[in-house]
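J.: Input file: model_19.csv. Contents: CSV, C-alpha atoms.
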```csv
chain,number,residue,atom,x,y,z
M,117,MET,CA,86.9,134.1,134.0
M,118,ALA,CA,90.3,135.0,135.3
M,119,ALA,CA,93.2,132.9,136.7
M,120,ILE,CA,96.5,133.5,138.3
M,121,THR,CA,98.4,130.2,138.4
M,122,PRO,CA,101.9,128.7,138.0
M,123,GLN,CA,101.2,128.9,134.2
M,124,HIS,CA,100.8,132.1,132.1
M,125,THR,CA,97.0,132.1,132.4
M,126,PHE,CA,96.2,135.7,133.2
M,127,ASP,CA,96.9,137.4,129.8
M,128,GLY,CA,97.4,136.4,126.2
M,129,ASP,CA,96.2,133.6,124.0
M,130,LEU,CA,96.0,130.4,126.1
M,131,MET,CA,96.7,128.2,123.0
M,132,ALA,CA,100.0,130.1,122.4
M,133,GLN,CA,101.3,130.1,125.9
M,134,PRO,CA,104.3,127.8,126.5
M,135,MET,CA,104.2,125.5,129.6
M,136,VAL,CA,106.1,127.0,132.5
M,137,VAL,CA,108.6,124.4,133.9
M,138,THR,CA,109.6,124.6,137.5
M,139,HIS,CA,112.6,122.6,138.6
M,140,GLY,CA,111.4,121.8,142.1
M,141,ASN,CA,108.5,120.4,144.0
M,142,MET,CA,106.9,123.8,144.9
M,143,LEU,CA,105.1,125.6,142.1
M,144,SER,CA,104.6,129.4,142.5
M,145,CYS,CA,102.2,131.6,140.6
M,146,ALA,CA,103.3,133.6,137.5
M,147,GLU,CA,102.1,136.9,138.9
M,148,PRO,CA,100.9,139.7,136.7
M,149,ASP,CA,101.6,143.5,137.0
M,150,TYR,CA,99.1,144.4,139.8
M,151,LYS,CA,99.4,148.2,139.3
M,152,SER,CA,96.7,148.1,136.6
M,153,PHE,CA,94.2,146.8,139.2
M,154,ILE,CA,95.3,147.9,142.6
M,155,ALA,CA,96.4,151.4,143.8
M,156,PRO,CA,100.1,151.6,144.7
M,157,ASN,CA,99.4,152.8,148.2
M,158,SER,CA,97.2,149.8,148.9
M,159,LEU,CA,99.5,147.4,147.0
M,160,ARG,CA,102.4,147.7,149.3
M,161,ARG,CA,100.3,146.7,152.3
M,162,MET,CA,98.9,143.6,150.8
M,163,THR,CA,100.4,140.1,150.8
M,164,ARG,CA,100.6,137.8,147.8
M,165,VAL,CA,97.3,135.9,148.2
M,166,LEU,CA,95.4,139.2,148.7
M,167,LYS,CA,96.9,140.7,145.6
M,168,MET,CA,96.3,137.5,143.6
M,169,GLY,CA,92.7,137.1,144.8
M,170,LEU,CA,91.7,140.7,144.3
M,171,THR,CA,93.4,141.1,140.9
M,172,ALA,CA,91.9,137.8,139.5
M,173,SER,CA,88.4,138.8,140.7
M,174,LEU,CA,88.7,142.3,139.1
M,175,LYS,CA,89.9,140.9,135.9
M,176,CYS,CA,87.0,138.4,135.9
M,177,LEU,CA,84.5,141.1,136.4
M,178,GLN,CA,86.1,143.1,133.7
M,179,ASP,CA,86.0,140.1,131.3
M,180,SER,CA,82.3,139.5,132.1
M,181,GLY,CA,81.2,143.1,131.9
M,182,ILE,CA,79.7,143.0,135.4
M,183,ALA,CA,80.5,146.0,137.6
M,184,VAL,CA,78.9,145.0,140.8
M,185,PRO,CA,78.2,141.3,141.3
M,186,GLY,CA,74.9,140.1,142.9
M,187,ALA,CA,76.9,138.0,145.4
M,188,ILE,CA,80.5,137.1,146.2
M,189,VAL,CA,81.3,133.5,147.1
M,190,THR,CA,84.8,132.0,147.5
M,191,GLY,CA,86.5,128.9,148.8
M,192,THR,CA,90.0,128.6,150.3
M,193,GLY,CA,91.8,125.9,152.0
M,194,LYS,CA,94.3,128.0,154.0
M,195,GLY,CA,93.6,131.7,153.4
M,196,SER,CA,96.6,134.0,153.7
M,197,LEU,CA,99.4,131.8,155.0
M,198,GLN,CA,101.9,134.6,154.7
M,199,ASP,CA,100.0,136.8,157.1
M,200,THR,CA,99.2,134.0,159.5
M,201,GLU,CA,102.8,133.0,159.7
M,202,ARG,CA,103.9,136.6,160.2
M,203,PHE,CA,101.4,137.1,163.0
M,204,ILE,CA,102.4,133.9,164.8
M,205,LYS,CA,106.1,134.9,164.6
M,206,GLU,CA,105.4,138.4,166.0
M,207,ILE,CA,103.5,136.8,169.0
M,208,ARG,CA,106.8,134.9,169.7
M,209,ASP,CA,109.2,137.8,169.0
M,210,TYR,CA,107.2,140.4,170.9
M,211,GLN,CA,106.1,138.1,173.7
M,212,GLU,CA,102.4,138.9,173.0
M,213,LYS,CA,103.0,142.6,173.5
M,214,ALA,CA,102.7,145.5,171.0
M,215,LEU,CA,101.4,143.3,168.2
M,216,ASN,CA,100.5,144.8,164.8
M,217,PRO,CA,96.9,143.8,164.1
M,218,THR,CA,97.2,144.1,160.3
M,219,PRO,CA,98.6,140.6,159.7
M,220,PHE,CA,95.9,139.1,161.9
M,221,ILE,CA,93.1,141.0,160.1
M,222,GLN,CA,94.5,140.1,156.6
M,223,SER,CA,95.0,136.5,157.6
M,224,THR,CA,91.3,135.8,158.1
M,225,TYR,CA,89.8,133.6,155.4
M,226,ASN,CA,87.3,136.3,154.2
M,227,ALA,CA,89.9,139.1,153.7
M,228,VAL,CA,89.8,138.6,149.9
M,229,ASN,CA,86.0,138.8,149.8
M,230,GLY,CA,86.0,141.9,151.9
M,231,LEU,CA,88.6,143.6,149.6
M,232,ILE,CA,86.5,142.8,146.5
M,233,ALA,CA,83.3,144.1,148.1
M,234,LEU,CA,85.1,147.3,149.2
M,235,GLN,CA,86.6,147.8,145.8
M,236,GLN,CA,83.4,147.3,143.9
M,237,LYS,CA,81.1,148.7,146.6
M,238,CYS,CA,79.2,145.5,146.7
M,239,THR,CA,76.9,145.2,149.8
M,240,GLN,CA,75.2,141.9,148.7
M,241,TYR,CA,75.6,138.3,149.9
M,242,ASN,CA,79.3,137.6,150.7
M,243,ASN,CA,80.5,134.2,151.9
M,244,THR,CA,83.8,132.2,152.2
M,245,PHE,CA,83.9,128.4,152.5
M,246,VAL,CA,86.9,126.8,154.2
M,247,HIS,CA,86.3,123.0,153.9
M,248,ARG,CA,89.7,121.7,152.9
M,249,GLY,CA,89.3,119.8,149.5
M,250,PHE,CA,85.6,120.8,149.3
M,251,SER,CA,86.2,124.5,149.7
M,252,PHE,CA,85.8,125.6,146.1
M,253,GLU,CA,83.1,123.0,145.4
M,254,HIS,CA,81.0,124.2,148.3
M,255,ALA,CA,81.4,127.8,147.0
M,256,LEU,CA,80.3,126.6,143.6
M,257,LEU,CA,77.3,124.8,145.1
M,258,ASP,CA,76.3,127.8,147.1
M,259,SER,CA,76.6,130.0,144.0
M,260,MET,CA,74.3,127.7,142.0
M,261,LEU,CA,71.7,127.8,144.7
M,262,LEU,CA,71.8,131.6,144.7
M,263,LEU,CA,71.3,131.6,141.0
M,264,HIS,CA,68.4,129.2,141.3
M,265,GLU,CA,66.9,131.5,144.0
M,266,GLY,CA,67.0,134.5,141.6
M,267,THR,CA,70.3,136.2,142.1
M,268,ALA,CA,71.2,137.9,138.8
M,269,ASP,CA,74.9,136.9,138.8
M,270,VAL,CA,77.5,135.6,141.3
M,271,LEU,CA,81.3,136.1,141.5
M,272,THR,CA,82.7,132.7,142.5
M,273,GLY,CA,86.3,131.9,143.1
M,274,ALA,CA,89.0,130.2,145.0
M,275,PHE,CA,92.5,131.1,146.2
M,276,ASP,CA,95.3,129.5,148.0
M,277,GLU,CA,99.0,130.1,148.4
M,278,ILE,CA,102.1,128.1,149.4
M,279,THR,CA,105.0,129.3,151.5
M,280,PRO,CA,108.3,127.7,152.3
M,281,GLU,CA,107.3,127.1,155.9
M,282,HIS,CA,104.0,125.5,154.9
M,283,PHE,CA,105.8,123.4,152.3
M,284,PHE,CA,108.2,122.2,154.9
M,285,ILE,CA,105.4,121.3,157.4
M,286,LYS,CA,103.3,119.4,154.8
M,287,GLY,CA,106.5,117.6,153.7
M,288,ARG,CA,107.0,116.3,157.2
M,289,ILE,CA,103.7,114.4,156.9
M,290,GLY,CA,104.4,113.0,153.5
M,291,HIS,CA,102.4,115.3,151.2
M,292,TRP,CA,105.3,116.0,148.8
M,293,LYS,CA,107.7,113.8,146.9
M,294,LYS,CA,111.1,113.2,148.6
M,295,GLU,CA,112.9,113.3,145.2
M,296,THR,CA,113.2,116.7,143.5
M,297,ILE,CA,111.6,116.8,140.1
M,298,SER,CA,110.3,119.2,137.5
M,299,ASN,CA,106.6,119.5,136.9
M,300,ASP,CA,106.9,118.5,133.2
M,301,LYS,CA,108.3,115.1,134.4
M,302,LEU,CA,105.8,114.6,137.2
M,303,TYR,CA,104.1,111.5,135.8
M,304,GLU,CA,107.5,109.8,135.1
M,305,HIS,CA,108.1,109.6,138.9
M,306,PRO,CA,105.3,107.5,140.5
M,307,SER,CA,106.1,107.5,144.2
M,308,PRO,CA,104.5,108.5,147.5
M,309,GLY,CA,103.7,112.3,147.5
M,310,THR,CA,103.2,114.9,144.8
M,311,ILE,CA,104.2,118.5,144.1
M,312,SER,CA,102.7,121.6,145.7
M,313,GLY,CA,100.9,124.5,144.0
M,314,GLU,CA,98.9,127.6,144.5
M,315,GLY,CA,96.5,129.8,142.5
M,316,ALA,CA,93.6,132.3,142.4
M,317,VAL,CA,90.7,131.6,140.0
M,318,PHE,CA,87.4,133.5,139.6
M,319,PHE,CA,84.3,133.0,137.6
M,320,ALA,CA,81.3,135.2,136.8
M,321,LEU,CA,78.3,132.8,137.0
M,322,THR,CA,74.9,133.7,135.4
M,323,PRO,CA,71.6,131.7,135.2
M,324,ALA,CA,71.5,131.9,131.4
M,325,VAL,CA,74.0,131.9,128.5
M,326,THR,CA,75.5,135.3,127.6
M,327,ALA,CA,77.8,136.5,124.8
M,328,GLN,CA,80.7,136.2,127.3
M,329,SER,CA,79.9,132.7,128.4
M,330,TYR,CA,82.7,130.1,128.2
M,331,ALA,CA,80.8,127.0,129.2
M,332,GLN,CA,77.8,125.6,131.1
M,333,ILE,CA,78.0,123.9,134.5
M,334,GLY,CA,76.2,120.6,134.0
M,335,GLY,CA,76.6,119.0,137.4
M,336,LEU,CA,78.5,118.7,140.7
M,337,GLN,CA,78.9,115.9,143.2
M,338,MET,CA,81.0,115.6,146.4
M,339,LEU,CA,81.9,112.3,148.2
M,340,TYR,CA,83.7,112.2,151.5
M,341,LYS,CA,85.9,109.2,152.1
M,342,PRO,CA,83.8,106.9,149.9
M,343,SER,CA,84.4,103.1,149.9
M,344,PRO,CA,85.9,101.7,146.7
M,345,GLU,CA,82.5,100.2,145.9
M,346,LYS,CA,80.6,103.4,146.4
M,347,LEU,CA,83.2,105.4,144.3
M,348,HIS,CA,82.9,102.9,141.4
M,349,ALA,CA,79.2,103.1,141.5
M,350,ALA,CA,79.1,106.9,141.9
M,351,LEU,CA,80.5,107.9,138.4
M,352,PRO,CA,77.9,106.1,136.2
M,353,GLU,CA,75.1,107.2,138.6
M,354,PHE,CA,76.3,110.8,138.4
M,355,LEU,CA,76.3,110.7,134.6
M,356,GLN,CA,72.9,109.0,134.5
M,357,GLN,CA,71.4,111.7,136.7
M,358,HIS,CA,72.4,114.2,134.0
M,359,GLY,CA,71.2,112.2,131.1
M,360,LEU,CA,74.6,111.0,129.9
M,361,GLN,CA,76.6,107.8,129.4
M,362,ALA,CA,80.3,107.1,129.4
M,363,ALA,CA,80.3,107.5,125.6
M,364,ASP,CA,79.0,111.0,125.8
M,365,ILE,CA,82.1,112.2,127.8
M,366,ASP,CA,84.6,113.7,125.3
M,367,LEU,CA,87.3,114.2,127.9
M,368,VAL,CA,88.0,113.7,131.6
M,369,LEU,CA,90.4,116.1,133.3
M,370,THR,CA,91.8,114.0,136.2
M,371,GLY,CA,93.5,115.1,139.4
M,372,GLU,CA,96.1,112.3,139.0
M,373,ASN,CA,99.3,113.6,140.6
M,374,ALA,CA,101.8,110.6,140.5
M,375,ASP,CA,101.2,109.9,144.2
M,376,THR,CA,101.2,106.1,144.5
M,377,ASN,CA,99.3,106.3,147.8
M,378,HIS,CA,96.1,107.3,145.9
M,379,ALA,CA,96.7,106.2,142.3
M,380,HIS,CA,94.1,103.4,142.7
M,381,TYR,CA,91.2,105.9,142.8
M,382,TYR,CA,91.6,106.7,139.1
M,383,GLU,CA,90.8,103.1,138.1
M,384,ILE,CA,87.2,104.2,137.9
M,385,LEU,CA,88.1,106.2,134.8
M,386,LYS,CA,89.3,103.1,132.8
M,387,GLY,CA,88.0,103.4,129.3
M,388,TYR,CA,87.4,107.2,129.4
M,389,PRO,CA,89.5,109.6,127.3
M,390,GLN,CA,91.5,111.4,130.0
M,391,LEU,CA,94.3,113.8,130.7
M,392,PRO,CA,95.9,114.9,134.0
M,393,PHE,CA,96.3,118.6,134.9
M,394,LYS,CA,98.3,118.8,138.1
M,395,HIS,CA,101.6,119.1,136.3
M,396,LEU,CA,100.4,122.5,135.4
M,397,SER,CA,99.1,123.7,138.8
M,398,GLY,CA,100.6,121.5,141.5
M,399,ASP,CA,98.3,120.2,144.2
M,400,TYR,CA,96.4,122.2,146.8
M,401,GLU,CA,93.0,122.3,148.4
M,402,THR,CA,91.1,124.4,145.7
M,403,VAL,CA,92.9,123.1,142.6
M,404,GLY,CA,89.4,122.1,141.3
M,405,ALA,CA,88.9,125.8,140.4
M,406,PHE,CA,91.9,125.6,138.1
M,407,ALA,CA,90.5,122.4,136.5
M,408,MET,CA,87.2,124.1,135.9
M,409,TRP,CA,88.9,127.2,134.4
M,410,LEU,CA,90.9,124.9,132.1
M,411,ALA,CA,87.9,122.9,131.1
M,412,ALA,CA,85.9,126.0,130.3
M,413,GLN,CA,88.8,127.4,128.2
M,414,ILE,CA,89.0,124.1,126.2
M,415,LEU,CA,85.3,124.1,125.5
M,416,LYS,CA,85.4,127.8,124.5
M,417,HIS,CA,88.3,127.2,122.1
M,418,GLN,CA,87.2,123.7,121.0
M,419,GLN,CA,90.8,122.5,121.3
M,420,LEU,CA,93.4,121.6,123.9
M,421,PRO,CA,96.6,123.6,124.4
M,422,SER,CA,98.8,120.8,123.1
M,423,GLN,CA,102.0,122.4,124.5
M,424,TRP,CA,100.6,121.9,128.0
M,425,PHE,CA,99.9,118.3,127.4
M,426,PRO,CA,102.9,116.5,126.0
M,427,MET,CA,101.1,113.2,126.6
M,428,LEU,CA,98.4,114.2,124.1
M,429,GLN,CA,98.4,111.9,121.1
M,430,GLN,CA,95.8,113.9,119.0
M,431,GLN,CA,93.2,116.5,119.5
M,432,PRO,CA,89.7,115.1,120.3
M,433,ALA,CA,87.3,115.0,117.4
M,434,LYS,CA,84.7,116.8,119.4
M,435,LEU,CA,84.5,118.6,122.7
M,436,ARG,CA,81.0,118.9,124.0
M,437,ASN,CA,81.1,117.4,127.5
M,438,ILE,CA,84.1,117.5,129.9
M,439,LEU,CA,84.1,115.7,133.2
M,440,ILE,CA,86.5,116.7,136.0
M,441,TYR,CA,87.4,114.1,138.7
M,442,ASN,CA,89.6,115.2,141.5
M,443,HIS,CA,90.3,114.2,145.1
M,444,PHE,CA,92.3,115.8,147.9
M,445,PHE,CA,94.7,113.2,149.4
M,446,GLY,CA,92.0,110.5,149.2
M,447,GLU,CA,89.4,112.2,151.4
M,448,GLN,CA,87.3,114.7,149.5
M,449,HIS,CA,86.3,113.4,146.0
M,450,THR,CA,84.5,115.6,143.5
M,451,PHE,CA,82.9,115.2,140.1
M,452,MET,CA,82.2,118.4,138.0
M,453,LEU,CA,80.5,118.3,134.6
M,454,LEU,CA,80.9,121.1,132.0
M,455,HIS,CA,79.1,121.4,128.7
M,456,ALA,CA,79.9,123.6,125.6
M,457,VAL,CA,77.6,126.5,124.9
```
For the structure just supplied, provide its representation as structure tokens.
T.:
Amino acid sequence: MAAITPQHTFDGDLMAQPMVVTHGNMLSCAEPDYKSFIAPNSLRRMTRVLKMGLTASLKCLQDSGIAVPGAIVTGTGKGSLQDTERFIKEIRDYQEKALNPTPFIQSTYNAVNGLIALQQKCTQYNNTFVHRGFSFEHALLDSMLLLHEGTADVLTGAFDEITPEHFFIKGRIGHWKKETISNDKLYEHPSPGTISGEGAVFFALTPAVTAQSYAQIGGLQMLYKPSPEKLHAALPEFLQQHGLQAADIDLVLTGENADTNHAHYYEILKGYPQLPFKHLSGDYETVGAFAMWLAAQILKHQQLPSQWFPMLQQQPAKLRNILIYNHFFGEQHTFMLLHAV
């Protein structure tokens, strides 16, 4: 696994990393030194999301010991916003004449997948899902199907970025909080809207446990605009399908984000041991990938990074099953289940 996020998640011991506090409603990634992964002549032509996506994927392959993956599957909500905005501005500035095609080429959703394939000389299955809040989850589902069909291993990931222009546009439709807060105080400010984020997270998935395995994916379910009754019934049904009961869940990582417009959805988790995670990452379409990375790290280390969770009273006695429940602005709802290996 590898992750580039607003926290220091790329290098070092996770349990020793302090929480990065951003005094504003737009969280940006703590970017690593890309020169160790990307040649300098290529680096200067790439935008942030391309650098983040390629570097996270290469670090993931390095961590797993896989040189050429059997397939590359990713999800993204917006692709390269920086390139898209640049191309649109040039259309206006140059009146649709003498346009540079590079920003358009790099703005396509599958640009990161193409770069990974070129870098690793991978000519296998290559796919990108762009399904808003289901983007990463559909990539994960596709990867699981590929493994079931006999693919030896799959590089699965997600990437999204935030820009000042996009932050402004989404703010106009009420996505972000009107008051300016710091991410460590997010849950002390319940009000309409939340804080924005970004990230690039990659996983090397295999059909069987290996020496490098962090966790096992136990289940996945997606619900589109479910009624309150259907949502309440979905969670126990999901657990029952995988041979579990509420008492078997040691921790629920929730997508709670202090947005009062959608706080009622989390009532289904009443009675479960739970912790929110979006004060660490902000909110964006593929934040589920960050949650899965965090859950896998917790299961691997068998403890929570307490400095990241000031609301944590005490470490759980055991960590065998972690459930992730997230939704994207009340529309796309997802359950993901992870087991310790």
J.: Pick from M:Ala350, M:Leu256, M:Ile278, M:Leu396: nearest to M:Val165, with only C-alpha atoms counted?
T.: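 Ranking M:Ala350, M:Leu256, M:Ile278, M:Leu396 by distance to M:Val165, first place goes to M:Ile278.
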J.: Have a look at atom CA of M:Ala183 and atom CA of M:Pro219 and let me know their distance in Å, one decimal.
T.: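 Result for atom CA of M:Ala183 versus atom CA of M:Pro219: 29.1 Å, one decimal.
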J.: Hey, which of M:Pro185, M:Gly359, M:Pro392, M:Pro352 ends up closest to M:Glu372? Count only C-alpha atoms.
T.: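 Residue with the minimum atom-to-atom distance to M:Glu372: M:Pro392.
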J.: Nearest to M:Gln332 among M:Ser152, M:Thr138, M:Ser144, M:Gln413, with distances taken over all atoms listed in the file: which residue is it?
T.: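 Smallest separation from M:Gln332 among the options: M:Gln413.
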J.: Near M:Glu295, within 10 Å and counting all atoms listed in the file, which residues show up once chain neighbours fewer than 4 positions away are dropped, as JSON, numbers by chain?
T.: {"M": [140, 141, 305, 307, 308, 309, 310]}
J.: Do a neighbour search on M:Glu277 at 12 Å with only C-alpha atoms, toss out local chain neighbours closer than 4 positions, and write the hits as a VMD selection string.
T.: chain M and resid 120 to 122 142 to 145 163 to 169 192 to 200 223 281 to 283 312 to 317 397 to 403
J.: Which residues are near stretch 233-249 of chain M? Cut-off 9 Å, only C-alpha atoms, ignore same chain within fewer than 4 positions. Put them as a short mmCIF file (atom, residue, chain, number, x, y, z; two decimals) with C-alpha atoms, in the coordinates of the input.
T.:
```cif
data_model
loop_
_atom_site.label_atom_id
_atom_site.label_comp_id
_atom_site.auth_asym_id
_atom_site.auth_seq_id
_atom_site.Cartn_x
_atom_site.Cartn_y
_atom_site.Cartn_z
CA LEU M 170 91.70 140.70 144.30
CA LEU M 174 88.70 142.30 139.10
CA ALA M 183 80.50 146.00 137.60
CA VAL M 184 78.90 145.00 140.80
CA PRO M 185 78.20 141.30 141.30
CA GLY M 186 74.90 140.10 142.90
CA ALA M 187 76.90 138.00 145.40
CA ILE M 188 80.50 137.10 146.20
CA VAL M 189 81.30 133.50 147.10
CA THR M 190 84.80 132.00 147.50
CA GLY M 191 86.50 128.90 148.80
CA THR M 192 90.00 128.60 150.30
CA GLY M 193 91.80 125.90 152.00
CA LYS M 194 94.30 128.00 154.00
CA GLY M 195 93.60 131.70 153.40
CA TYR M 225 89.80 133.60 155.40
CA ASN M 226 87.30 136.30 154.20
CA VAL M 228 89.80 138.60 149.90
CA ASN M 229 86.00 138.80 149.80
CA GLU M 253 83.10 123.00 145.40
CA HIS M 254 81.00 124.20 148.30
CA ALA M 255 81.40 127.80 147.00
CA TYR M 400 96.40 122.20 146.80
CA GLU M 401 93.00 122.30 148.40
CA THR M 402 91.10 124.40 145.70
CA VAL M 403 92.90 123.10 142.60
CA GLY M 404 89.40 122.10 141.30
CA HIS M 443 90.30 114.20 145.10
CA PHE M 444 92.30 115.80 147.90
CA PHE M 445 94.70 113.20 149.40
CA GLU M 447 89.40 112.20 151.40
CA GLN M 448 87.30 114.70 149.50
CA HIS M 449 86.30 113.40 146.00
CA THR M 450 84.50 115.60 143.50
#
```
J.: Can you tell me, as a list in words, which residues sit within 12 Å of (93.3, 134.1, 125.8) in the file's frame, using only C-alpha atoms?
T.: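 These residues have at least one counted atom within 12 Å: Met117, Ala118, Ala119, His124, Thr125, Phe126, Asp127, Gly128, Asp129, Leu130, Met131, Ala132, Gln133, Asp179, Tyr330, Trp409, Leu410, Ala412, Gln413, Ile414, Lys416, His417 and Pro421 of chain M.
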J.: State, in Å with one decimal place, the distance from atom CA of M:Met408 to atom CA of M:Ala433.
T.: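 Computing the Euclidean distance for atom CA of M:Met408 and atom CA of M:Ala433 yields 20.6 Å.
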J.: From (96.8, 114.2, 124.1), in the file's coordinates, out to 6 Å: which residues are reached, counting all atoms listed in the file? Answer as a VMD selection string.
T.: chain M and resid 427 to 430
J.: Considering all atoms listed in the file, state which residue in the set M:Lys175, M:His455, M:His378, M:Lys301 is at the smallest distance from M:Asn442.
T.: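 Nearest to M:Asn442: M:His378.
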J.: What is the atom CA of M:Ile384-atom CA of M:Leu351 distance in Å, reported with one decimal?
T.: 7.7 Å
J.: Will you give me stretch 290-345 of chain M, written with C-alpha atoms and laid out as an mmCIF file, in the first residue's frame?
T.:
```cif
data_model
loop_
_atom_site.group_PDB
_atom_site.id
_atom_site.type_symbol
_atom_site.label_atom_id
_atom_site.label_comp_id
_atom_site.auth_asym_id
_atom_site.auth_seq_id
_atom_site.Cartn_x
_atom_site.Cartn_y
_atom_site.Cartn_z
ATOM 1 C CA GLY M 290 -22.876 24.667 -0.214
ATOM 2 C CA HIS M 291 -20.360 21.847 -0.078
ATOM 3 C CA TRP M 292 -17.991 23.614 2.339
ATOM 4 C CA LYS M 293 -18.510 25.324 5.678
ATOM 5 C CA LYS M 294 -18.957 29.088 5.629
ATOM 6 C CA GLU M 295 -16.932 29.556 8.806
ATOM 7 C CA THR M 296 -13.170 28.964 8.569
ATOM 8 C CA ILE M 297 -11.977 26.232 10.912
ATOM 9 C CA SER M 298 -8.962 23.968 11.414
ATOM 10 C CA ASN M 299 -9.329 20.271 10.698
ATOM 11 C CA ASP M 300 -8.530 19.231 14.286
ATOM 12 C CA LYS M 301 -11.595 21.218 15.445
ATOM 13 C CA LEU M 302 -13.919 19.942 12.689
ATOM 14 C CA TYR M 303 -16.348 18.027 14.906
ATOM 15 C CA GLU M 304 -16.708 20.980 17.274
ATOM 16 C CA HIS M 305 -18.427 22.933 14.473
ATOM 17 C CA PRO M 306 -21.568 21.059 13.383
ATOM 18 C CA SER M 307 -23.119 23.192 10.629
ATOM 19 C CA PRO M 308 -24.017 22.874 6.942
ATOM 20 C CA GLY M 309 -21.038 21.869 4.789
ATOM 21 C CA THR M 310 -17.671 20.301 5.566
ATOM 22 C CA ILE M 311 -13.976 20.710 4.637
ATOM 23 C CA SER M 312 -12.412 19.696 1.322
ATOM 24 C CA GLY M 313 -9.538 17.309 0.772
ATOM 25 C CA GLU M 314 -7.527 15.344 -1.755
ATOM 26 C CA GLY M 315 -5.286 12.304 -1.986
ATOM 27 C CA ALA M 316 -3.768 9.444 -3.958
ATOM 28 C CA VAL M 317 -3.925 5.937 -2.470
ATOM 29 C CA PHE M 318 -2.912 2.614 -4.044
ATOM 30 C CA PHE M 319 -3.183 -1.048 -3.027
ATOM 31 C CA ALA M 320 -1.653 -4.233 -4.387
ATOM 32 C CA LEU M 321 -4.419 -6.832 -4.219
ATOM 33 C CA THR M 322 -3.760 -10.584 -4.374
ATOM 34 C CA PRO M 323 -6.145 -13.566 -4.149
ATOM 35 C CA ALA M 324 -4.290 -15.079 -1.168
ATOM 36 C CA VAL M 325 -2.436 -13.787 1.903
ATOM 37 C CA THR M 326 1.256 -13.006 1.375
ATOM 38 C CA ALA M 327 4.092 -11.937 3.680
ATOM 39 C CA GLN M 328 3.418 -8.316 2.682
ATOM 40 C CA SER M 329 -0.344 -8.422 3.351
ATOM 41 C CA TYR M 330 -1.836 -5.773 5.623
ATOM 42 C CA ALA M 331 -5.446 -6.956 5.779
ATOM 43 C CA GLN M 332 -8.140 -8.980 4.024
ATOM 44 C CA ILE M 333 -11.112 -7.423 2.224
ATOM 45 C CA GLY M 334 -14.157 -9.127 3.667
ATOM 46 C CA GLY M 335 -17.004 -7.412 1.846
ATOM 47 C CA LEU M 336 -18.236 -4.435 -0.140
ATOM 48 C CA GLN M 337 -21.695 -2.971 -0.697
ATOM 49 C CA MET M 338 -22.896 0.185 -2.459
ATOM 50 C CA LEU M 339 -26.287 1.868 -2.041
ATOM 51 C CA TYR M 340 -27.482 4.739 -4.224
ATOM 52 C CA LYS M 341 -29.826 7.218 -2.528
ATOM 53 C CA PRO M 342 -31.315 4.614 -0.166
ATOM 54 C CA SER M 343 -34.449 5.396 1.820
ATOM 55 C CA PRO M 344 -33.947 5.662 5.615
ATOM 56 C CA GLU M 345 -35.657 2.314 6.063
#
```
